[in-house]
Amino acid sequence: MNAWMQISLYLVLLLLLAWPLGVTMARIYQGNVPGWLRPFRSLERLFYRLAGVDENQEMTWQQYALVLLLFNAAGFLAVYLLLRLQAWLPLNPDGLTAVSPALALNTAVSFASNTNWQFYGGETTLSYLSQMLGLAVQNFLSAASGMAVLVALMRGLSRQRTDKLGSFWVDMTRSVLYILLPLAILLAVFLVSQGVVQTFAGAETAVLLDPTDAAATTQTIARGPAASQVAIKQLGTNGGGFFNVNSAHPLENPTPLSNLIQMLAILLIPAALCFTFGDMVGSRRQGVTLLAVMVIVFVAFLGTAVYAEQQGNPRLDALAVDQTISAAQPGGNMEGKEARFGIVNSALWATATTAASNGSVNSMHDAYTPLGGLVPMLLMQLGEVIFGGVGSGLYGLLAFAIVAVFVAGLMVGRTPEYLGKKIEVYEMKMATLIILIPPLVVLLGTALAVSTSAGQSGATNPGPHGFSQILYAFSSQGNNNGSAFAGLNGSHPFYPLSGALAMLIARYWLMIPVLAIAGSLARKQIVPASAGTLPTDSLLFVGWLIAIVLLVGALAFLPALALGPIVEQLLL
Amino acid sequence: MNNNQKLYRRALGDAFSKLNPRHLVRNPVMFVVEIGSLLLTVLFAFSLVGIEGPGDNPGFTGTIAAWLWFTVLFANFAEALAEGRGKAQADALRRTRTETPAKKVAAADRNAKVETVASTALRKDDLVLVEAGDLIPSDGEVVVGIAAVDESAVTGESAPVIRESGGDRSAVTGGTRVISDWLVVKITSNPGEGFLDRMISLVEGAKRQKTPNEIALTILLAGFTIVFLVVVATLLPFSIYSVQAAGQGTAVTVTVLVALLVCLIPTTIGGLLNAIGIAGMDRLIRRNVLAMSGRAVEAAGDVDVLLLDKTGTITLGNRQAVEFVPVGGVRPQELARLTQLASLADETPEGRSIVTLAEKEFDLTPNGHSTQLAEFIPFTAQTRMSGINLNGDAIRKGAPDTIAQYVREQGGTIPGALQTAVEAIARTGGTPLAVARNGRAVGVVHLKDVVKPGMKERFRQMRAMGIKTVMITGDNPLTATAIAAEAGVDDFLAEATPEAKLKLIRQYQAEGRLVAMTGDGTNDAPALAQADVAVAMNSGTQPAREAANMVDLDSDPTKLIEIVEIGKQLLMTRGALTTFSVANDVAKYFAIIPAAFAATYPALGALNFMGLATPQSAILSAVIFNALVIIALVPLALRGVPYRPLPAARLLRDNLLIYGLGGLIAPFVGIKLIDLILVALGLV
């Protein structure tokens, strides 16, 4: 009961915030910047003048893709160099050394691709400059890149007989300047009010009040400019924590209120983009339909996770651990969870962070019950389309929608159409690519890992759980989530390198077909709807799209899951 | 029956010859099954000589291999069966295309010098003379003459048709026979390019190319196949790792992996895809419609706007008398009698309808008049009236203004009531026909276009399907409005000229709509060429037939509606079987996954809630189900999913329930049943 009240409150707040934000975003992307943001127009124009960009010069899908790739490559290079050179650069109060090449490569790819997979602990590896200038900047830019691709796709759906999809530079700049920056500033200030640390000062040494060991009487408390980075890590579905334990760290997520607001921030923009979509394609209902798909799947997975964790772990019972729910304790499986968040807020976070391709954590998923751990894993394996990354989640879901429309369209006896655009060979080719590449990357990566000694060495648990750890790692990187099961040992260069490859493929091999679809759709004429047109804003379509998403995910991963979390649960 | 047996035997033979990988490679799903079958057959052969891997069981491998071959054969059989009917028809057509002597003439004149050549030697623009009893040697255009032609070889219709030079009945088809009189025909096609040749290659499916929709679906199916290939291929390392982790069992065998792969890839739709396409074309052919490409058939399913000619399609084609309106104190019965008299010799449908109406309303039998002394006045272009002179009475009927002039010439006056009656009839869309006796107007006959029965209902269904119907007519807007309202069409184009038609089509297309139309005249050709789906009447001219992408051999303009339904049915069958095929996989996983890992993780047996007897029987049952379901669905693939004219939302709901939910549940039942049978027979 308490659980459902908390979940309902969360969802209601999320939808109430997402709606106006989504509508505003649609206006921004359509060039109709709301009055209160208009003072920044001169700043926006200044950027264009400095960069020599003509904001009215629109691009074809090929130009859009090329510019996007080059821009992301530049970001990758900048982060890589920054990490390699951080020892000689300023803002390194704790005197951290250069990051190793494999780790720097993995980290740079990870942040440029909006994955934020972390094979490192922030406080012991990265200087403040690396965090701020490298990672935080990529948090903004990778999020904006995803949003830009989505906007191009939305234009492809709403325009006709043109090959122009808008300007990447404009979409990018507007995403950062009018959406991500203002929200991040607001959130950062709020987080500071809750006690999230924001300082350039180095680590603090504290004397332990109640040392348990005579040799350890002091503790080093890492600090840094965390609030500013935490804000964008949540808003941009990046998820890379400032500290190693991410938002389970008391200085990264101190209070239940900061926890709630951070959870809202995780899904805010992905949810809002559904409203943006509706407005940009001219039918709010269409956007709400997609949002309904996301919310329904989300609630189903969330319910499973909360249930599994509240049930507790029978193995703990055997160790005489009290797992009953009472006023004094949350009960259930509290292993790996923060007492200040409890079961519901941990499971809610775990579900939200993997539904969206965020990946930040406030509890350790590795310590969940097998069924509870299956929820975040399967959510990632579904292709990060239930909310998903900012922009990327919705364009992924749209690829599923294209497939759903295609099969359903055949079933009503018409060449399938989505929003009046005929879905033909080219679109199917690209949509099939978008849907199939992530499972292939995940399965092949996992297969490679379990059949090499380098890969096997990473699993720190015996039995099916070790398999789950490896599968989780590739599910996360192969879908640009970045969530870690915690426990996988990434010291062998195998994981950073194969992971980097997985992240690159999953991000950019999908963006290109998405833009190709956008380009192809933009050229097509919009067919007016009639009674013979398949309605794509009905409850039936919501159900059908959910079925397609779940079916593709389940069919691709059921055998692997059976050998991991499913058998582990059955063996409990 | 005998014919059917022949059809099946031929299909059975073809099923084997289609095993040729060069043929199967065009169908990625079935190609993978064939490779899998080959692989297991080789493994089976090795195991017979004692070479086998750990956990292999030669009998099991052999049985699975056999069922995989059946799977491929069943799919091939379905395709061959679909082709069979067309092939039989092509054979029949080919027999009519035997070499015939042709009488080549130098000039378009019956008496020109005749040179006998073989029909195959004829070239475009040659002139030939065809006389009663001769076969027309090749497709052509009549330049001189008029003749009755038996076209049953092409159309199956036994009643002869008239072919004459000029106008819309000038096209003749090679292989048809002139049964009276003679024609001079200008040949319009070179040997091997004629209508009959095209028809043979069409019905045979020899030149069948995949339609865009089929290609898109094949891509999706190939995508699924690739994913499942990787799922199954990665399962081997996963299983090896799991065996190490669990410390028990053996890695999954190649036999089980191949069985799993074949069960997972969409073999049901993959195996039946070609059969569905061929059967769709065949359904058209059986309704005597020849589609020049599968693309056109599919486009028919997408049509948004139907342009229908009023005459012959919506109305019966002739005006019918429906009412007698007397003026100047004449009794209605008297008017009916006079008009019936005036129409006795009028053999036009209008005239006959007047005689019938008088008989029906006033019991006036046409034989009740003594007309020995009558003088019938036929309609001429000069007088523009017809009638009868009998017993000193001169009765005339004609268009109101003609009769008015006639009355004035006779010194009579036009009563105001006549004008009122004429206007009233015109307002309702009818045609008034005035009647006068001895220079005095006696009344008006109301002639009306009669809408074919059932059209209103048909158009209502069209509207429910989301198709807009537009009536094309040469009538004035007033008449057109009335008929359009009566027939229940959504819109009309009055006073239509070929240019106006073309413009209308372009306008709809600019709005993004797909337009279908029928036509037969040469002046229809541009519009036919512009329309997305264009059905030419076989009785039409050669240019019309060439501009169209379908030809209706029955020359029945209402057939367009059936064509649309067949197009939709074709797509629906593909969609339904795709959904069914993919939904089937869920049950197959529950059969095979616990079975495959029974030794490593016995706990996974909890997923075996079908309670299948042994791991081997579970896998075998899934494979057998997968093969048999293809055979079970062949009739559906050939017949097509039943189409009902419903809005898309309802169609989707119904089909999802049947093929989606059904596809989810059916294999659970089927696999369990097969498992029970295997156990009962002691085969596992």
# chains A, B, ... in the order shown; residues from 1 in each chain; ligands from 1
call {"tool": "closest_atom_pairs", "arguments": {"of": "chain A", "to": "chain B", "cutoff": "7 Å", "atoms": "only C-alpha atoms", "output": "Markdown table"}}
result
| residue | atom | partner | partner_atom | distance |
| --- | --- | --- | --- | --- |
| A:Val407 | CA | B:Gly575 | CA | 5.3 |
| A:Ala408 | CA | B:Leu652 | CA | 6.7 |
| A:Leu410 | CA | B:Gly575 | CA | 4.5 |
| A:Met411 | CA | B:Met572 | CA | 4.2 |
| A:Val412 | CA | B:Ala648 | CA | 5.6 |
| A:Gly413 | CA | B:Lys568 | CA | 4.0 |
| A:Arg414 | CA | B:Asp302 | CA | 5.0 |
| A:Thr415 | CA | B:Asp302 | CA | 6.1 |
| A:Glu424 | CA | B:Ala216 | CA | 6.4 |
| A:Val425 | CA | B:Ala216 | CA | 4.4 |
| A:Met428 | CA | B:Ala216 | CA | 5.8 |
| A:Lys429 | CA | B:Ile219 | CA | 6.3 |
| A:Thr432 | CA | B:Leu220 | CA | 6.1 |
| A:Leu436 | CA | B:Val227 | CA | 6.6 |
| A:Leu440 | CA | B:Val227 | CA | 6.6 |
| A:Leu443 | CA | B:Thr234 | CA | 6.5 |
| A:Leu444 | CA | B:Thr234 | CA | 6.6 |
| A:Ala447 | CA | B:Thr234 | CA | 5.5 |
| A:Val450 | CA | B:Tyr241 | CA | 6.2 |
| A:Ser451 | CA | B:Pro237 | CA | 5.9 |
| A:Pro462 | CA | B:Ala245 | CA | 6.3 |
| A:Gly463 | CA | B:Ala245 | CA | 4.4 |
| A:Pro464 | CA | B:Ala245 | CA | 6.8 |
| A:Gln525 | CA | B:Gly512 | CA | 6.1 |
| A:Ile526 | CA | B:Gly512 | CA | 6.1 |
| A:Val527 | CA | B:Gly512 | CA | 4.6 |
| A:Pro528 | CA | B:Gly512 | CA | 6.6 |
| A:Ser530 | CA | B:Gly466 | CA | 4.9 |
| A:Ala531 | CA | B:Gly466 | CA | 4.0 |
| A:Gly532 | CA | B:Gly466 | CA | 4.1 |
| A:Thr533 | CA | B:Ala648 | CA | 5.9 |
| A:Leu534 | CA | B:Ala648 | CA | 5.2 |
| A:Pro535 | CA | B:Ala649 | CA | 6.3 |
| A:Ala556 | CA | B:Val231 | CA | 6.2 |
| A:Pro559 | CA | B:Ile593 | CA | 6.6 |
| A:Leu563 | CA | B:Ser242 | CA | 7.0 |
| A:Val567 | CA | B:Leu604 | CA | 6.0 |
| A:Leu570 | CA | B:Ala603 | CA | 6.0 |
| A:Leu571 | CA | B:Ala603 | CA | 6.4 |
call {"tool": "select_by_dssp", "arguments": {"residues": "region 232-381 of chain B", "states": "alpha helix (DSSP H)", "output": "tab-separated table (two decimals) with N, CA, C and O atoms, in the first residue's frame"}}
result
chain	number	residue	atom	x	y	z
B	232	VAL	N	20.89	-18.53	-31.03
B	232	VAL	CA	21.19	-19.96	-30.96
B	232	VAL	C	22.70	-20.19	-30.96
B	232	VAL	O	23.21	-21.01	-30.19
B	233	ALA	N	23.41	-19.42	-31.79
B	233	ALA	CA	24.86	-19.60	-31.85
B	233	ALA	C	25.51	-19.24	-30.52
B	233	ALA	O	26.42	-19.92	-30.06
B	234	THR	N	25.04	-18.17	-29.87
B	234	THR	CA	25.66	-17.77	-28.60
B	234	THR	C	25.25	-18.70	-27.48
B	234	THR	O	25.88	-18.72	-26.43
B	235	LEU	N	24.19	-19.46	-27.72
B	235	LEU	CA	23.73	-20.36	-26.66
B	235	LEU	C	24.78	-21.45	-26.41
B	235	LEU	O	24.86	-21.98	-25.29
B	236	LEU	N	25.57	-21.76	-27.42
B	236	LEU	CA	26.59	-22.80	-27.24
B	236	LEU	C	27.63	-22.35	-26.20
B	236	LEU	O	27.83	-23.04	-25.20
B	237	PRO	N	28.30	-21.18	-26.39
B	237	PRO	CA	29.23	-20.74	-25.33
B	237	PRO	C	28.53	-20.52	-23.99
B	237	PRO	O	29.11	-20.85	-22.95
B	238	PHE	N	27.30	-20.00	-24.02
B	238	PHE	CA	26.60	-19.79	-22.76
B	238	PHE	C	26.44	-21.13	-22.04
B	238	PHE	O	26.60	-21.23	-20.82
B	239	SER	N	26.10	-22.14	-22.83
B	239	SER	CA	25.85	-23.44	-22.23
B	239	SER	C	27.14	-24.06	-21.71
B	239	SER	O	27.16	-24.66	-20.64
B	240	ILE	N	28.24	-23.87	-22.46
B	240	ILE	CA	29.52	-24.41	-21.99
B	240	ILE	C	29.91	-23.75	-20.66
B	240	ILE	O	30.31	-24.41	-19.70
B	241	TYR	N	29.73	-22.41	-20.61
B	241	TYR	CA	30.04	-21.68	-19.38
B	241	TYR	C	29.17	-22.19	-18.24
B	241	TYR	O	29.64	-22.40	-17.12
B	242	SER	N	27.88	-22.43	-18.54
B	242	SER	CA	26.96	-22.86	-17.49
B	242	SER	C	27.31	-24.24	-16.98
B	242	SER	O	27.16	-24.53	-15.79
B	243	VAL	N	27.75	-25.11	-17.89
B	243	VAL	CA	28.14	-26.45	-17.47
B	243	VAL	C	29.31	-26.35	-16.48
B	243	VAL	O	29.31	-26.99	-15.43
B	244	GLN	N	30.27	-25.47	-16.81
B	244	GLN	CA	31.40	-25.25	-15.90
B	244	GLN	C	30.90	-24.71	-14.56
B	244	GLN	O	31.31	-25.15	-13.50
B	245	ALA	N	29.99	-23.70	-14.67
B	245	ALA	CA	29.54	-23.03	-13.46
B	245	ALA	C	28.74	-23.98	-12.58
B	245	ALA	O	28.86	-23.96	-11.35
B	246	ALA	N	27.90	-24.83	-13.20
B	246	ALA	CA	27.05	-25.71	-12.42
B	246	ALA	C	27.79	-26.98	-12.03
B	246	ALA	O	27.38	-27.68	-11.10
B	254	VAL	N	24.55	-29.85	-31.05
B	254	VAL	CA	24.24	-29.14	-32.29
B	254	VAL	C	22.81	-29.48	-32.74
B	254	VAL	O	22.07	-28.62	-33.23
B	255	THR	N	22.42	-30.74	-32.53
B	255	THR	CA	21.07	-31.15	-32.93
B	255	THR	C	20.02	-30.28	-32.25
B	255	THR	O	19.10	-29.77	-32.89
B	256	VAL	N	20.16	-30.11	-30.95
B	256	VAL	CA	19.19	-29.31	-30.20
B	256	VAL	C	19.24	-27.86	-30.66
B	256	VAL	O	18.19	-27.21	-30.83
B	257	LEU	N	20.45	-27.36	-30.90
B	257	LEU	CA	20.55	-25.96	-31.34
B	257	LEU	C	19.86	-25.75	-32.68
B	257	LEU	O	19.14	-24.77	-32.87
B	258	VAL	N	20.10	-26.68	-33.61
B	258	VAL	CA	19.47	-26.53	-34.93
B	258	VAL	C	17.95	-26.64	-34.79
B	258	VAL	O	17.20	-25.87	-35.40
B	259	ALA	N	17.50	-27.58	-33.96
B	259	ALA	CA	16.06	-27.72	-33.75
B	259	ALA	C	15.49	-26.43	-33.18
B	259	ALA	O	14.44	-25.94	-33.64
B	260	LEU	N	16.18	-25.87	-32.21
B	260	LEU	CA	15.71	-24.62	-31.60
B	260	LEU	C	15.67	-23.51	-32.64
B	260	LEU	O	14.69	-22.77	-32.75
B	261	LEU	N	16.73	-23.44	-33.45
B	261	LEU	CA	16.79	-22.39	-34.46
B	261	LEU	C	15.61	-22.49	-35.42
B	261	LEU	O	14.92	-21.49	-35.68
B	262	VAL	N	15.36	-23.69	-35.91
B	262	VAL	CA	14.28	-23.85	-36.89
B	262	VAL	C	12.93	-23.53	-36.26
B	262	VAL	O	12.04	-22.94	-36.89
B	263	CYS	N	12.77	-23.90	-34.99
B	263	CYS	CA	11.51	-23.58	-34.32
B	263	CYS	C	11.33	-22.08	-34.15
B	263	CYS	O	10.21	-21.56	-34.19
B	264	LEU	N	12.44	-21.37	-33.93
B	264	LEU	CA	12.33	-19.95	-33.61
B	264	LEU	C	12.17	-19.07	-34.85
B	264	LEU	O	11.40	-18.11	-34.84
B	267	THR	N	9.27	-19.74	-39.64
B	267	THR	CA	9.10	-20.65	-40.78
B	267	THR	C	7.67	-20.65	-41.30
B	267	THR	O	7.45	-20.88	-42.48
B	268	THR	N	6.71	-20.39	-40.42
B	268	THR	CA	5.32	-20.47	-40.87
B	268	THR	C	5.08	-19.45	-41.97
B	268	THR	O	4.64	-19.79	-43.07
B	269	ILE	N	5.40	-18.19	-41.67
B	269	ILE	CA	5.18	-17.17	-42.70
B	269	ILE	C	6.23	-17.29	-43.79
B	269	ILE	O	5.93	-17.16	-44.98
B	270	GLY	N	7.47	-17.60	-43.40
B	270	GLY	CA	8.54	-17.74	-44.39
B	270	GLY	C	8.19	-18.82	-45.41
B	270	GLY	O	8.43	-18.67	-46.60
B	271	GLY	N	7.62	-19.92	-44.93
B	271	GLY	CA	7.30	-21.02	-45.82
B	271	GLY	C	6.10	-20.75	-46.70
B	271	GLY	O	5.97	-21.31	-47.78
B	272	LEU	N	5.21	-19.90	-46.21
B	272	LEU	CA	3.96	-19.69	-46.96
B	272	LEU	C	3.93	-18.37	-47.73
B	272	LEU	O	2.98	-18.10	-48.46
B	273	LEU	N	4.99	-17.56	-47.56
B	273	LEU	CA	4.96	-16.22	-48.15
B	273	LEU	C	4.74	-16.25	-49.66
B	273	LEU	O	3.89	-15.52	-50.19
B	274	ASN	N	5.51	-17.09	-50.35
B	274	ASN	CA	5.36	-17.14	-51.81
B	274	ASN	C	3.99	-17.65	-52.20
B	274	ASN	O	3.36	-17.14	-53.12
B	275	ALA	N	3.53	-18.68	-51.46
B	275	ALA	CA	2.22	-19.26	-51.78
B	275	ALA	C	1.13	-18.20	-51.65
B	275	ALA	O	0.22	-18.12	-52.48
B	276	ILE	N	1.24	-17.35	-50.64
B	276	ILE	CA	0.22	-16.32	-50.43
B	276	ILE	C	0.16	-15.38	-51.63
B	276	ILE	O	-0.90	-15.05	-52.14
B	277	GLY	N	1.35	-14.95	-52.06
B	277	GLY	CA	1.41	-14.02	-53.18
B	277	GLY	C	0.85	-14.63	-54.46
B	277	GLY	O	0.06	-14.01	-55.18
B	278	ILE	N	1.26	-15.87	-54.74
B	278	ILE	CA	0.79	-16.52	-55.96
B	278	ILE	C	-0.71	-16.74	-55.89
B	278	ILE	O	-1.45	-16.50	-56.84
B	279	ALA	N	-1.18	-17.19	-54.71
B	279	ALA	CA	-2.61	-17.47	-54.56
B	279	ALA	C	-3.43	-16.19	-54.73
B	279	ALA	O	-4.55	-16.23	-55.25
B	280	GLY	N	-2.87	-15.06	-54.31
B	280	GLY	CA	-3.59	-13.79	-54.46
B	280	GLY	C	-3.80	-13.47	-55.93
B	280	GLY	O	-4.90	-13.10	-56.36
B	281	MET	N	-2.74	-13.63	-56.72
B	281	MET	CA	-2.86	-13.39	-58.17
B	281	MET	C	-3.86	-14.37	-58.76
B	281	MET	O	-4.65	-14.03	-59.64
B	282	ASP	N	-3.80	-15.59	-58.27
B	282	ASP	CA	-4.67	-16.63	-58.80
B	282	ASP	C	-6.14	-16.32	-58.50
B	282	ASP	O	-7.01	-16.57	-59.34
B	283	ARG	N	-6.40	-15.76	-57.31
B	283	ARG	CA	-7.78	-15.40	-56.98
B	283	ARG	C	-8.31	-14.37	-57.97
B	283	ARG	O	-9.46	-14.40	-58.37
B	284	LEU	N	-7.42	-13.47	-58.37
B	284	LEU	CA	-7.81	-12.46	-59.36
B	284	LEU	C	-8.10	-13.14	-60.70
B	284	LEU	O	-9.09	-12.84	-61.36
B	285	ILE	N	-7.19	-14.04	-61.07
B	285	ILE	CA	-7.35	-14.68	-62.37
B	285	ILE	C	-8.66	-15.47	-62.41
B	285	ILE	O	-9.37	-15.47	-63.39
B	286	ARG	N	-8.99	-16.10	-61.27
B	286	ARG	CA	-10.24	-16.86	-61.26
B	286	ARG	C	-11.45	-15.95	-61.38
B	286	ARG	O	-12.52	-16.36	-61.77
B	294	GLY	N	2.15	-7.89	-59.53
B	294	GLY	CA	1.69	-8.06	-58.15
B	294	GLY	C	1.59	-6.73	-57.45
B	294	GLY	O	0.76	-6.52	-56.58
B	295	ARG	N	2.44	-5.80	-57.88
B	295	ARG	CA	2.43	-4.46	-57.29
B	295	ARG	C	1.05	-3.82	-57.42
B	295	ARG	O	0.56	-3.17	-56.51
B	296	ALA	N	0.44	-4.04	-58.60
B	296	ALA	CA	-0.88	-3.44	-58.84
B	296	ALA	C	-1.92	-4.04	-57.91
B	296	ALA	O	-2.81	-3.34	-57.43
B	297	VAL	N	-1.80	-5.34	-57.64
B	297	VAL	CA	-2.77	-5.99	-56.77
B	297	VAL	C	-2.65	-5.41	-55.36
B	297	VAL	O	-3.64	-5.11	-54.70
B	298	GLU	N	-1.41	-5.25	-54.92
B	298	GLU	CA	-1.20	-4.68	-53.59
B	298	GLU	C	-1.72	-3.26	-53.52
B	298	GLU	O	-2.33	-2.86	-52.54
B	299	ALA	N	-1.43	-2.50	-54.58
B	299	ALA	CA	-1.88	-1.12	-54.60
B	299	ALA	C	-3.40	-1.07	-54.48
B	299	ALA	O	-3.97	-0.17	-53.87
B	300	ALA	N	-4.07	-2.09	-55.03
B	300	ALA	CA	-5.53	-2.11	-54.96
B	300	ALA	C	-5.99	-2.14	-53.51
B	300	ALA	O	-7.02	-1.55	-53.17
B	301	GLY	N	-5.23	-2.81	-52.67
B	301	GLY	CA	-5.60	-2.84	-51.26
B	301	GLY	C	-5.47	-1.50	-50.58
B	301	GLY	O	-6.08	-1.24	-49.55
B	302	ASP	N	-4.67	-0.62	-51.17
B	302	ASP	CA	-4.41	0.68	-50.56
B	302	ASP	C	-5.31	1.78	-51.07
B	302	ASP	O	-5.19	2.92	-50.64
B	332	PRO	N	-54.47	9.93	-66.59
B	332	PRO	CA	-53.18	9.23	-66.59
B	332	PRO	C	-53.21	7.97	-67.46
B	332	PRO	O	-52.27	7.69	-68.20
B	333	GLN	N	-54.36	7.23	-67.39
B	333	GLN	CA	-54.42	5.99	-68.15
B	333	GLN	C	-54.38	6.26	-69.66
B	333	GLN	O	-53.76	5.51	-70.42
B	334	GLU	N	-54.99	7.35	-70.05
B	334	GLU	CA	-55.00	7.72	-71.47
B	334	GLU	C	-53.58	8.06	-71.92
B	334	GLU	O	-53.14	7.63	-72.99
B	335	LEU	N	-52.88	8.80	-71.09
B	335	LEU	CA	-51.50	9.16	-71.42
B	335	LEU	C	-50.66	7.89	-71.56
B	335	LEU	O	-49.87	7.73	-72.50
B	336	ALA	N	-50.86	6.95	-70.61
B	336	ALA	CA	-50.10	5.70	-70.64
B	336	ALA	C	-50.40	4.94	-71.93
B	336	ALA	O	-49.49	4.41	-72.58
B	337	ARG	N	-51.69	4.91	-72.32
B	337	ARG	CA	-52.06	4.18	-73.52
B	337	ARG	C	-51.42	4.79	-74.76
B	337	ARG	O	-50.81	4.11	-75.58
B	338	LEU	N	-51.49	6.11	-74.83
B	338	LEU	CA	-50.93	6.82	-76.00
B	338	LEU	C	-49.42	6.61	-76.07
B	338	LEU	O	-48.86	6.32	-77.13
B	339	THR	N	-48.77	6.72	-74.93
B	339	THR	CA	-47.32	6.60	-74.92
B	339	THR	C	-46.89	5.18	-75.26
B	339	THR	O	-45.91	4.95	-75.96
B	340	GLN	N	-47.68	4.22	-74.74
B	340	GLN	CA	-47.35	2.83	-75.04
B	340	GLN	C	-47.46	2.58	-76.55
B	340	GLN	O	-46.58	1.96	-77.15
B	341	LEU	N	-48.53	3.13	-77.14
B	341	LEU	CA	-48.69	3.01	-78.59
B	341	LEU	C	-47.51	3.58	-79.33
B	341	LEU	O	-46.95	2.96	-80.23
B	342	ALA	N	-47.10	4.78	-78.90
B	342	ALA	CA	-46.00	5.47	-79.57
B	342	ALA	C	-44.68	4.71	-79.41
B	342	ALA	O	-43.75	4.92	-80.17
B	343	SER	N	-44.61	3.83	-78.40
B	343	SER	CA	-43.34	3.15	-78.12
B	343	SER	C	-43.32	1.71	-78.59
B	343	SER	O	-42.31	1.03	-78.41
B	349	PRO	N	-33.99	0.60	-74.99
B	349	PRO	CA	-34.37	0.22	-73.62
B	349	PRO	C	-35.37	1.20	-73.02
B	349	PRO	O	-36.27	0.79	-72.30
B	350	GLU	N	-35.23	2.49	-73.35
B	350	GLU	CA	-36.18	3.47	-72.83
B	350	GLU	C	-37.58	3.16	-73.33
B	350	GLU	O	-38.54	3.15	-72.58
B	351	GLY	N	-37.66	2.89	-74.65
B	351	GLY	CA	-38.97	2.60	-75.25
B	351	GLY	C	-39.60	1.36	-74.63
B	351	GLY	O	-40.77	1.36	-74.26
B	352	ARG	N	-38.78	0.33	-74.49
B	352	ARG	CA	-39.33	-0.89	-73.91
B	352	ARG	C	-39.79	-0.66	-72.48
B	352	ARG	O	-40.78	-1.22	-72.02
B	353	SER	N	-39.08	0.21	-71.75
B	353	SER	CA	-39.45	0.44	-70.36
B	353	SER	C	-40.78	1.18	-70.27
B	353	SER	O	-41.54	0.99	-69.32
B	354	ILE	N	-41.10	1.99	-71.29
B	354	ILE	CA	-42.39	2.68	-71.29
B	354	ILE	C	-43.51	1.67	-71.47
B	354	ILE	O	-44.52	1.69	-70.75
B	355	VAL	N	-43.31	0.76	-72.43
B	355	VAL	CA	-44.33	-0.28	-72.67
B	355	VAL	C	-44.57	-1.07	-71.39
B	355	VAL	O	-45.70	-1.32	-70.98
B	356	THR	N	-43.48	-1.44	-70.73
B	356	THR	CA	-43.60	-2.24	-69.51
B	356	THR	C	-44.30	-1.48	-68.40
B	356	THR	O	-45.12	-2.03	-67.66
B	357	LEU	N	-43.94	-0.19	-68.27
B	357	LEU	CA	-44.53	0.59	-67.18
B	357	LEU	C	-46.05	0.73	-67.37
B	357	LEU	O	-46.82	0.59	-66.41
B	358	ALA	N	-46.47	0.98	-68.61
B	358	ALA	CA	-47.91	1.13	-68.88
B	358	ALA	C	-48.63	-0.17	-68.57
B	358	ALA	O	-49.73	-0.18	-68.01
B	359	GLU	N	-47.96	-1.28	-68.89
B	359	GLU	CA	-48.57	-2.58	-68.63
B	359	GLU	C	-48.68	-2.80	-67.12
B	359	GLU	O	-49.69	-3.29	-66.62
B	360	LYS	N	-47.66	-2.41	-66.42
B	360	LYS	CA	-47.61	-2.67	-64.99
B	360	LYS	C	-48.62	-1.79	-64.25
B	360	LYS	O	-49.34	-2.23	-63.37
B	361	GLU	N	-48.67	-0.50	-64.62
B	361	GLU	CA	-49.48	0.43	-63.84
B	361	GLU	C	-50.95	0.40	-64.23
B	361	GLU	O	-51.82	0.60	-63.40
B	362	PHE	N	-51.21	0.24	-65.53
B	362	PHE	CA	-52.62	0.35	-65.98
B	362	PHE	C	-53.10	-0.92	-66.67
B	362	PHE	O	-54.12	-0.92	-67.33
call {"tool": "residues_around", "arguments": {"residues": "region 131-135 of chain A", "least_positions_apart": "3", "cutoff": "7 Å", "atoms": "only C-alpha atoms", "output": "list of chain:residue names"}}
result
A:Val79, A:Leu82, A:Phe111, A:Leu126, A:Ser127, A:Tyr128, A:Gln138, A:Asn139
call {"tool": "atom_distance", "arguments": {"atom1": "CA of Ser189 (chain B)", "atom2": "CA of Leu127 (chain B)"}}
result
11.8 Å
call {"tool": "atom_distance", "arguments": {"atom1": "CA of Asp554 (chain B)", "atom2": "CA of Asn288 (chain B)"}}
result
6.4 Å
call {"tool": "residues_around", "arguments": {"residues": "Ala401 (chain A)", "least_positions_apart": "2", "cutoff": "9 Å", "atoms": "only C-alpha atoms", "output": "number ranges by chain"}}
result
A: 290, 396-399, 403-406, 418, 536, 545, 548-549
